[in-house]
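Source file: input_13.cif; contents: mmCIF, C-alpha atoms.
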```
data_work
loop_
_atom_site.label_atom_id
_atom_site.label_comp_id
_atom_site.auth_asym_id
_atom_site.auth_seq_id
_atom_site.Cartn_x
_atom_site.Cartn_y
_atom_site.Cartn_z
CA MET A 91 9.02 -2.98 9.03
CA ASP A 92 7.61 0.35 7.87
CA VAL A 93 8.73 3.42 5.92
CA SER A 94 8.08 6.91 7.28
CA PRO A 95 5.62 9.15 5.36
CA ASP A 96 8.47 11.46 4.29
CA GLY A 97 10.45 8.49 2.96
CA LYS A 98 13.52 9.27 5.05
CA SER A 99 13.39 6.59 7.75
CA ILE A 100 12.71 2.90 8.33
CA VAL A 101 11.35 1.48 11.56
CA PHE A 102 11.57 -2.24 12.32
CA ASP A 103 11.49 -4.77 15.12
CA LEU A 104 14.42 -7.04 15.91
CA MET A 105 14.34 -9.69 18.65
CA GLY A 106 11.58 -7.93 20.58
CA ASP A 107 12.78 -4.33 20.39
CA ILE A 108 11.98 -1.53 17.93
CA TYR A 109 14.66 0.35 15.98
CA MET A 110 14.77 3.25 13.53
CA MET A 111 17.37 4.20 10.93
CA PRO A 112 17.73 6.22 7.71
CA ILE A 113 16.18 4.58 4.65
CA THR A 114 19.64 4.58 3.06
CA GLY A 115 20.87 2.28 5.81
CA GLY A 116 23.44 2.66 8.55
CA LYS A 117 23.34 2.24 12.30
CA ALA A 118 19.89 1.74 13.79
CA LYS A 119 18.81 3.52 16.98
CA ALA A 120 16.75 1.69 19.59
CA LEU A 121 13.33 3.14 20.37
CA THR A 122 12.38 0.46 22.91
CA ASN A 123 14.35 -1.91 25.13
CA GLY A 124 13.99 -4.13 28.18
CA LEU A 125 12.14 -7.36 28.89
CA ALA A 126 8.97 -6.43 27.00
CA TYR A 127 8.41 -8.00 23.58
CA ASP A 128 7.78 -5.05 21.23
CA VAL A 129 6.88 -5.81 17.60
CA HIS A 130 4.89 -4.68 14.53
CA PRO A 131 5.81 -0.94 14.44
CA ARG A 132 3.88 1.30 12.03
CA PHE A 133 4.25 5.05 11.43
CA SER A 134 1.25 7.32 11.92
CA PRO A 135 0.18 9.24 8.78
CA ASP A 136 1.88 12.41 10.09
CA GLY A 137 5.08 10.49 10.87
CA LYS A 138 5.19 11.70 14.49
CA SER A 139 4.01 8.53 16.24
CA LEU A 140 4.20 4.75 16.05
CA VAL A 141 1.67 2.06 16.77
CA PHE A 142 3.08 -1.29 17.91
CA ILE A 143 2.25 -4.46 19.83
CA SER A 144 3.81 -5.02 23.24
CA ASP A 145 3.34 -7.40 26.16
CA LYS A 146 4.75 -4.93 28.71
CA SER A 147 1.39 -4.83 30.54
CA GLY A 148 1.48 -8.61 31.06
CA SER A 149 -0.54 -9.42 27.94
CA ASP A 150 -0.33 -8.42 24.29
CA ASN A 151 -1.86 -4.99 23.73
CA ILE A 152 -1.78 -2.14 21.22
CA TRP A 153 0.49 0.74 22.20
CA THR A 154 1.38 4.07 20.62
CA MET A 155 4.58 6.10 20.98
CA GLU A 156 5.52 9.71 20.28
CA ILE A 157 8.80 9.32 18.41
CA ALA A 158 10.33 12.62 19.54
CA THR A 159 9.80 11.99 23.26
CA LYS A 160 9.50 8.17 23.28
CA LYS A 161 6.40 8.62 25.44
CA ASP A 162 4.25 5.50 25.04
CA THR A 163 0.55 4.99 25.73
CA GLN A 164 -1.37 1.75 26.17
CA LEU A 165 -4.35 1.78 23.82
CA SER A 166 -6.08 -1.56 24.44
CA LYS A 167 -6.49 -2.94 27.96
CA GLU A 168 -6.61 -6.71 27.48
CA LYS A 169 -5.53 -9.13 30.22
CA LYS A 170 -5.20 -12.36 28.24
CA GLU A 171 -5.21 -11.87 24.47
CA ASN A 172 -2.98 -12.16 21.44
CA PHE A 173 -2.58 -9.28 18.99
CA PHE A 174 -1.47 -9.90 15.41
CA ALA A 175 -0.32 -6.44 14.26
CA ALA A 176 -2.11 -3.09 13.98
CA GLU A 177 -2.32 -0.29 11.41
CA TRP A 178 -3.42 3.38 11.33
CA THR A 179 -6.34 4.62 9.26
CA PRO A 180 -5.25 7.30 6.74
CA ASP A 181 -6.77 10.11 8.83
CA GLY A 182 -4.67 9.04 11.84
CA GLN A 183 -7.74 8.93 14.11
CA TYR A 184 -8.25 5.17 14.33
CA ILE A 185 -6.19 2.00 14.56
CA ILE A 186 -7.23 -1.41 13.22
CA GLY A 187 -5.67 -4.39 14.96
CA SER A 188 -6.12 -8.15 14.88
CA LYS A 189 -7.06 -9.55 18.30
CA GLY A 190 -7.85 -13.05 19.50
CA ARG A 191 -6.40 -16.39 20.46
CA ARG A 192 -7.79 -19.27 18.40
CA ASN A 193 -9.70 -17.15 15.87
CA PRO A 194 -8.24 -13.62 15.75
CA LYS A 195 -10.55 -10.92 14.40
CA LEU A 196 -10.06 -7.35 13.17
CA HIS A 197 -11.02 -4.67 15.70
CA ILE A 198 -11.06 -0.89 15.30
CA TYR A 199 -9.97 1.47 18.11
CA HIS A 200 -9.96 5.23 18.45
CA ARG A 201 -6.44 6.57 18.94
CA ASP A 202 -7.52 7.93 22.36
CA GLY A 203 -8.42 4.42 23.56
CA GLY A 204 -11.55 2.46 24.40
CA LYS A 205 -12.66 -1.16 24.10
CA GLY A 206 -12.78 -1.14 20.32
CA ASN A 207 -15.34 -2.65 17.95
CA GLU A 208 -15.13 -5.92 16.05
CA LEU A 209 -15.28 -5.46 12.27
CA ILE A 210 -15.86 -9.07 11.16
CA SER A 211 -17.58 -11.43 13.58
CA GLU A 212 -18.77 -14.23 11.29
CA PRO A 213 -17.96 -16.94 10.52
CA LYS A 214 -16.54 -17.62 13.96
CA GLU A 215 -13.80 -19.92 12.65
CA LEU A 216 -12.49 -17.22 10.28
CA LYS A 217 -9.04 -15.95 11.24
CA THR A 218 -8.12 -12.44 10.05
CA ILE A 219 -4.61 -11.00 10.48
CA ASP A 220 -2.13 -8.68 8.69
CA PRO A 221 -4.43 -5.62 8.32
CA ALA A 222 -3.60 -3.10 5.58
CA ILE A 223 -5.75 -0.07 4.77
CA ALA A 224 -6.26 1.49 1.34
CA ALA A 225 -4.99 5.05 0.86
CA ASP A 226 -8.56 6.38 0.63
CA GLY A 227 -9.54 4.55 3.82
CA LYS A 228 -12.46 2.71 2.21
CA LEU A 229 -11.13 -0.88 2.16
CA VAL A 230 -9.28 -2.89 4.78
CA TYR A 231 -7.20 -5.73 3.32
CA PHE A 232 -6.15 -8.73 5.42
CA SER A 233 -4.91 -12.32 5.40
CA GLN A 234 -7.73 -14.76 6.11
CA ARG A 235 -8.04 -18.47 6.74
CA LYS A 236 -10.59 -20.92 8.13
CA ASN A 237 -8.42 -23.98 8.60
CA ALA A 238 -6.77 -24.81 11.91
CA TRP A 239 -3.01 -24.32 12.14
CA ASN A 240 -1.13 -27.53 11.46
CA TYR A 241 2.18 -28.71 10.09
CA ASN A 242 2.41 -30.26 6.62
CA ALA A 243 -0.76 -28.30 5.82
CA GLN A 244 -2.42 -28.79 2.47
CA LEU A 245 -2.60 -25.65 0.36
CA PRO A 246 -4.26 -23.25 0.05
CA GLN A 247 -4.42 -22.03 3.63
CA TYR A 248 -4.78 -18.25 3.22
CA GLN A 249 -6.39 -15.83 0.77
CA ILE A 250 -6.55 -12.02 0.75
CA GLY A 251 -9.84 -10.59 1.99
CA THR A 252 -11.27 -7.07 2.06
CA TYR A 253 -13.67 -5.31 4.41
CA ASP A 254 -15.60 -2.28 3.13
CA MET A 255 -15.57 0.47 5.78
CA VAL A 256 -18.67 2.07 4.23
CA ASP A 257 -21.15 -0.83 4.01
CA GLY A 258 -19.39 -3.66 5.88
CA ASP A 259 -19.17 -5.90 2.82
CA VAL A 260 -16.57 -8.69 3.02
CA ALA A 261 -14.97 -10.13 -0.11
CA THR A 262 -12.20 -12.53 -1.09
CA ILE A 263 -10.00 -11.14 -3.87
CA THR A 264 -7.49 -13.96 -4.51
CA SER A 265 -7.71 -17.66 -5.33
CA ARG A 266 -4.09 -18.77 -5.30
CA TYR A 267 -3.40 -22.48 -4.83
CA GLY A 268 -0.23 -21.54 -2.92
CA SER A 269 -2.29 -19.16 -0.73
CA ALA A 270 -2.16 -15.36 -0.64
CA PHE A 271 -1.14 -13.41 2.46
CA THR A 272 0.44 -10.27 3.96
CA PRO A 273 -1.19 -7.67 1.67
CA THR A 274 0.87 -4.49 1.30
CA LEU A 275 -0.58 -1.41 -0.44
CA SER A 276 1.04 1.47 -2.29
CA ASN A 277 0.34 5.07 -1.32
CA ASP A 278 -1.03 5.99 -4.75
CA GLY A 279 -3.68 3.26 -4.63
CA SER A 280 -2.29 1.50 -7.71
CA TRP A 281 -0.46 -1.54 -6.35
CA MET A 282 -0.70 -4.42 -3.92
CA VAL A 283 2.10 -6.83 -3.07
CA TYR A 284 1.34 -10.11 -1.34
CA GLY A 285 3.09 -13.36 -0.56
CA THR A 286 2.31 -16.77 -2.04
CA ARG A 287 3.95 -20.17 -2.21
CA PHE A 288 4.87 -21.61 -5.61
CA GLU A 289 6.26 -25.16 -5.69
CA GLU A 290 8.54 -25.33 -2.64
CA GLU A 291 9.39 -21.61 -2.34
CA THR A 292 7.66 -18.44 -1.19
CA GLY A 293 7.67 -15.29 -3.32
CA LEU A 294 6.10 -11.86 -3.69
CA VAL A 295 3.44 -11.05 -6.30
CA LEU A 296 2.73 -7.52 -7.57
CA ARG A 297 -0.90 -6.80 -8.51
CA ASN A 298 -2.09 -3.77 -10.46
CA LEU A 299 -5.22 -2.85 -8.49
CA LYS A 300 -6.71 -1.00 -11.46
CA SER A 301 -6.26 -3.65 -14.17
CA GLY A 302 -5.96 -6.79 -12.02
CA GLU A 303 -2.77 -7.84 -13.81
CA GLU A 304 -0.16 -9.67 -11.76
CA LYS A 305 3.53 -10.52 -12.01
CA TRP A 306 6.29 -11.84 -9.78
CA LEU A 307 8.13 -9.08 -7.96
CA ALA A 308 10.59 -11.27 -6.02
CA TYR A 309 11.03 -15.05 -6.01
CA PRO A 310 12.10 -16.72 -3.86
CA VAL A 311 12.22 -14.72 -0.62
CA GLN A 312 11.98 -16.73 2.61
CA ARG A 313 9.80 -19.43 4.09
CA ASP A 314 6.33 -18.22 5.05
CA GLU A 315 4.49 -19.05 8.29
CA GLN A 316 1.41 -20.75 6.87
CA GLU A 317 1.77 -23.76 9.15
CA SER A 318 2.09 -21.83 12.43
CA ILE A 319 -0.08 -19.36 14.31
CA ALA A 320 1.94 -16.60 12.54
CA PRO A 321 2.19 -14.16 15.48
CA LEU A 322 4.63 -12.02 13.46
CA GLY A 323 2.60 -12.22 10.27
CA VAL A 324 2.60 -14.88 7.59
CA LEU A 325 5.54 -12.90 6.18
CA PRO A 326 7.39 -10.00 7.81
CA ALA A 327 5.61 -6.70 7.19
CA MET A 328 6.66 -4.72 4.11
CA SER A 329 6.14 -1.11 3.00
CA PHE A 330 6.14 0.92 -0.19
CA THR A 331 8.20 4.10 -0.45
CA PRO A 332 6.01 7.25 -0.58
CA ASP A 333 6.53 7.58 -4.36
CA SER A 334 5.17 4.01 -4.79
CA GLU A 335 8.19 3.08 -6.94
CA ASN A 336 9.94 0.69 -4.54
CA LEU A 337 8.96 -1.94 -2.00
CA ILE A 338 11.02 -2.15 1.19
CA ALA A 339 11.08 -5.76 2.39
CA SER A 340 13.16 -8.02 4.62
CA TYR A 341 14.08 -11.63 3.94
CA GLY A 342 17.04 -13.84 4.68
CA GLY A 343 18.07 -11.54 7.52
CA LYS A 344 18.62 -8.55 5.22
CA ILE A 345 16.64 -5.51 4.08
CA TYR A 346 16.04 -4.74 0.41
CA ALA A 347 14.54 -2.00 -1.76
CA ILE A 348 12.84 -3.74 -4.70
CA SER A 349 12.10 -1.66 -7.80
CA LEU A 350 8.61 -2.18 -9.22
CA LYS A 351 9.87 -1.30 -12.70
CA THR A 352 12.94 -3.53 -12.90
CA ASN A 353 12.36 -6.14 -10.14
CA MET A 354 15.92 -5.41 -9.03
CA ALA A 355 16.52 -5.76 -5.29
CA LYS A 356 19.07 -3.38 -3.77
CA GLU A 357 20.33 -4.27 -0.31
CA ILE A 358 19.98 -1.63 2.41
CA PRO A 359 22.91 -2.22 4.80
CA PHE A 360 22.23 -1.89 8.51
CA GLU A 361 24.00 -2.31 11.82
CA VAL A 362 22.38 -2.88 15.21
CA ASP A 363 23.91 -3.08 18.67
CA VAL A 364 21.71 -5.61 20.51
CA GLN A 365 21.68 -6.10 24.27
CA LEU A 366 18.92 -8.34 25.59
CA ASP A 367 17.73 -8.77 29.16
CA LEU A 368 16.69 -12.38 29.87
#
```
Once more with this new file: its structure as structure tokens, please.
Amino acid sequence: MDVSPDGKSIVFDLMGDIYMMPITGGKAKALTNGLAYDVHPRFSPDGKSLVFISDKSGSDNIWTMEIATKKDTQLSKEKKENFFAAEWTPDGQYIIGSKGRRNPKLHIYHRDGGKGNELISEPKELKTIDPAIAADGKLVYFSQRKNAWNYNAQLPQYQIGTYDMVDGDVATITSRYGSAFTPTLSNDGSWMVYGTRFEEETGLVLRNLKSGEEKWLAYPVQRDEQESIAPLGVLPAMSFTPDSENLIASYGGKIYAISLKTNMAKEIPFEVDVQLDL
């Protein structure tokens, strides 16, 4: 799920198709349909395009779409790869996506295409997914793990990492026993929300990026995907509103606007007509 730069619309994937609707809720309009599995939509900084992951070429690849015309363009040209989401850089010129099968890695692509360049190559067993880019474009945040996927996994499995776009420095910025994953950044550069497991439930933590202080924003939400390959993210993607006062998140099959000030979650009602080709 993502919120448009003007704060008026929400785009989301549902059962392999991408939909858009007003941020106040209502009936969602399909942007994609058919047999292809289309997921992970993200608005471009100017709000005119989307980046998303689709297997319509026969393998997962990064695609872009002009919203007004629905014209789509295949960005990556892989024949046998998995992609774990993608995100625009703030200048709208590049896209950072997570690519790989056993050990997915962050790659950067120009919006006009090309083979892309790997950002983090070592250690080889490091898995990096859920890319999020700071508003100033200097840091890339991501979910990272070294352990193999397995059920009944011992925690922690994930922590939040950062990659410095200036000097290539890699750092780990969390140390949660219940793991830390799916970093989501505010537009004003002040806040980060991420998921973690506490006792038997998963919740959302709000971190002040300037002071380092943390508090629960929502607990519980829904079960995370720490024990699977997490092809749709360890948690579903979230997004701040442009004023950085609310987080738009989905859990339990519903969409909510969560106030950073009050922690109150207001449901955003939606309706979708779904027809699936099998």
task: Check the smallest atom-to-atom distance from each of A:Ile185, A:Leu296, A:Val256, A:Ile345 to Gly206 in chain A using only C-alpha atoms, then report the winner.
output: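 Nearest to Gly206 in chain A: A:Ile185.
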query: Of the candidates A:Ile186, A:Ile250, A:Ala175, A:Leu307, which shows the shortest atom-to-atom distance to Ala327 in chain A, using all atoms listed in the file?
result: A:Ala175
field: From A:Pro180, A:Met328, A:Ser144, A:Lys236, residue lying nearest Lys167 in chain A [all atoms listed in the file]
entry: A:Ser144
Evaluated on this file, the PyMOL selection byres ((chain A and resi 337) around 9) picks out some residues - which ones are they, written as a PDB file with C-alpha atoms, in the frame of the given file?
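Wrote it out as expr-v4.pdb, contents follow:
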```pdb
ATOM      1  CA  SER A 276       1.040   1.470  -2.290  1.00  0.00           C
ATOM      2  CA  VAL A 283       2.100  -6.830  -3.070  1.00  0.00           C
ATOM      3  CA  MET A 328       6.660  -4.720   4.110  1.00  0.00           C
ATOM      4  CA  SER A 329       6.140  -1.110   3.000  1.00  0.00           C
ATOM      5  CA  PHE A 330       6.140   0.920  -0.190  1.00  0.00           C
ATOM      6  CA  THR A 331       8.200   4.100  -0.450  1.00  0.00           C
ATOM      7  CA  SER A 334       5.170   4.010  -4.790  1.00  0.00           C
ATOM      8  CA  GLU A 335       8.190   3.080  -6.940  1.00  0.00           C
ATOM      9  CA  ASN A 336       9.940   0.690  -4.540  1.00  0.00           C
ATOM     10  CA  ILE A 338      11.020  -2.150   1.190  1.00  0.00           C
ATOM     11  CA  ALA A 339      11.080  -5.760   2.390  1.00  0.00           C
ATOM     12  CA  TYR A 346      16.040  -4.740   0.410  1.00  0.00           C
ATOM     13  CA  ALA A 347      14.540  -2.000  -1.760  1.00  0.00           C
ATOM     14  CA  ILE A 348      12.840  -3.740  -4.700  1.00  0.00           C
ATOM     15  CA  SER A 349      12.100  -1.660  -7.800  1.00  0.00           C
ATOM     16  CA  LEU A 350       8.610  -2.180  -9.220  1.00  0.00           C
TER      17      LEU A 350
END
```
- request: Provide the CA of Tyr248 in chain A to CA of Ser233 in chain A distance in Å, to one decimal place.
  value: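 CA of Ser233 in chain A lies 6.3 Å from CA of Tyr248 in chain A.
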task: Select all residues near (6.5, -3.1, 12.4) (cut-off 6 Å, inclusive, file coordinates), counting all atoms listed in the file, and output them as a ChimeraX atom specification.
output: /A:91-92,102-103,129-132
message: For this structure, which residues satisfy the selection - the PyMOL selection byres ((chain A and resi 168-173) around 10) - when it is evaluated on the file as given? I want them as JSON, numbers by chain.
response: {"A": [130, 142, 143, 144, 145, 147, 148, 149, 150, 151, 152, 165, 166, 167, 174, 175, 176, 187, 188, 189, 190, 191, 192, 194, 195, 196, 205, 219, 321, 322]}
task: For Lys138 in chain A, work out the shell of residues within 12 Å, counting all atoms listed in the file and skipping chain neighbours fewer than 5 positions away, then give it as a list in words.
output: Ser94, Pro95, Asp96, Ser99, Arg132, Phe133, Thr154, Met155, Glu156, Ile157, Ala158, Thr159, Lys160, Lys161 and Gly182 of chain A
- prompt: Leaving out Gln247 in chain A and any residue of its chain fewer than 3 positions from it, which residues lie within 9 Å of it when counting all atoms listed in the file, given as a ChimeraX atom specification?
  reply: /A:234-237,239,243-244,267-270,316-317
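Selection by the PyMOL selection byres ((chain A and resi 253) around 9) on the present file picks out Leu209, Ile210, Lys228, Leu229, Val230, Tyr231, Phe232, Gly251, Thr252, Asp254, Met255, Val256, Asp257, Gly258, Asp259, Val260 and Ala261 of chain A.
CA of Leu294 in chain A is found 14.1 Å from CA of Glu315 in chain A.
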Pull all heavy atoms for range 346-358 of chain A from the block and write them as a short mmCIF file (atom, residue, chain, number, x, y, z; two decimals), in the first residue's frame.
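decode.cif, freshly written:
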```cif
data_model
loop_
_atom_site.label_atom_id
_atom_site.label_comp_id
_atom_site.auth_asym_id
_atom_site.auth_seq_id
_atom_site.Cartn_x
_atom_site.Cartn_y
_atom_site.Cartn_z
N TYR A 346 -6.35 1.17 7.84
CA TYR A 346 -6.49 2.11 8.95
C TYR A 346 -5.58 3.32 8.76
O TYR A 346 -4.48 3.21 8.18
CB TYR A 346 -6.13 1.45 10.28
CG TYR A 346 -7.03 0.31 10.67
CD1 TYR A 346 -6.69 -1.01 10.33
CD2 TYR A 346 -8.21 0.52 11.36
CE1 TYR A 346 -7.51 -2.07 10.69
CE2 TYR A 346 -9.04 -0.54 11.71
CZ TYR A 346 -8.68 -1.83 11.37
OH TYR A 346 -9.50 -2.88 11.73
N ALA A 347 -6.01 4.47 9.27
CA ALA A 347 -5.18 5.64 9.44
C ALA A 347 -4.88 5.76 10.94
O ALA A 347 -5.80 5.95 11.74
CB ALA A 347 -5.87 6.90 8.93
N ILE A 348 -3.61 5.63 11.31
CA ILE A 348 -3.21 5.64 12.71
C ILE A 348 -2.55 6.97 13.03
O ILE A 348 -1.56 7.35 12.41
CB ILE A 348 -2.24 4.49 13.03
CG1 ILE A 348 -2.81 3.15 12.54
CG2 ILE A 348 -1.95 4.43 14.53
CD1 ILE A 348 -1.84 1.99 12.66
N SER A 349 -3.10 7.69 14.00
CA SER A 349 -2.55 8.99 14.39
C SER A 349 -1.29 8.81 15.22
O SER A 349 -1.27 8.04 16.18
CB SER A 349 -3.59 9.77 15.20
OG SER A 349 -3.01 10.91 15.80
N LEU A 350 -0.22 9.52 14.85
CA LEU A 350 1.02 9.44 15.61
C LEU A 350 0.87 10.10 16.98
O LEU A 350 1.55 9.71 17.93
CB LEU A 350 2.17 10.12 14.85
CG LEU A 350 2.99 9.22 13.90
CD1 LEU A 350 2.12 8.65 12.81
CD2 LEU A 350 4.15 10.01 13.30
N LYS A 351 -0.02 11.07 17.09
CA LYS A 351 -0.19 11.79 18.34
C LYS A 351 -1.01 11.01 19.36
O LYS A 351 -0.70 10.98 20.55
CB LYS A 351 -0.84 13.15 18.09
CG LYS A 351 0.04 14.13 17.32
CD LYS A 351 -0.67 15.46 17.13
CE LYS A 351 0.21 16.46 16.38
NZ LYS A 351 -0.49 17.76 16.16
N THR A 352 -2.07 10.36 18.90
CA THR A 352 -3.02 9.73 19.82
C THR A 352 -2.98 8.20 19.79
O THR A 352 -3.58 7.56 20.66
CB THR A 352 -4.45 10.17 19.50
OG1 THR A 352 -4.83 9.67 18.20
CG2 THR A 352 -4.55 11.70 19.49
N ASN A 353 -2.31 7.61 18.81
CA ASN A 353 -2.30 6.16 18.59
C ASN A 353 -3.67 5.61 18.21
O ASN A 353 -3.86 4.40 18.17
CB ASN A 353 -1.80 5.41 19.83
CG ASN A 353 -0.30 5.52 20.01
OD1 ASN A 353 0.28 6.58 19.85
ND2 ASN A 353 0.35 4.42 20.37
N MET A 354 -4.62 6.48 17.93
CA MET A 354 -5.95 6.04 17.55
C MET A 354 -5.95 5.60 16.08
O MET A 354 -5.40 6.29 15.21
CB MET A 354 -6.98 7.16 17.75
CG MET A 354 -7.16 7.56 19.20
SD MET A 354 -7.88 6.22 20.20
CE MET A 354 -9.51 6.10 19.48
N ALA A 355 -6.57 4.45 15.82
CA ALA A 355 -6.66 3.91 14.47
C ALA A 355 -8.07 4.11 13.94
O ALA A 355 -9.04 3.61 14.52
CB ALA A 355 -6.29 2.43 14.47
N LYS A 356 -8.19 4.86 12.84
CA LYS A 356 -9.48 5.10 12.21
C LYS A 356 -9.58 4.26 10.95
O LYS A 356 -8.72 4.34 10.07
CB LYS A 356 -9.64 6.58 11.88
CG LYS A 356 -10.96 6.92 11.19
CD LYS A 356 -11.02 8.41 10.86
CE LYS A 356 -12.33 8.75 10.16
NZ LYS A 356 -12.40 10.19 9.79
N GLU A 357 -10.62 3.45 10.86
CA GLU A 357 -10.78 2.59 9.69
C GLU A 357 -11.12 3.40 8.45
O GLU A 357 -11.91 4.35 8.50
CB GLU A 357 -11.87 1.55 9.94
CG GLU A 357 -12.02 0.56 8.78
CD GLU A 357 -13.12 -0.47 9.02
OE1 GLU A 357 -13.59 -0.59 10.17
OE2 GLU A 357 -13.50 -1.13 8.04
N ILE A 358 -10.47 3.05 7.34
CA ILE A 358 -10.78 3.62 6.03
C ILE A 358 -11.60 2.59 5.26
O ILE A 358 -11.06 1.56 4.83
CB ILE A 358 -9.51 3.98 5.26
CG1 ILE A 358 -8.69 5.02 6.03
CG2 ILE A 358 -9.85 4.51 3.86
CD1 ILE A 358 -7.35 5.35 5.39
#
```
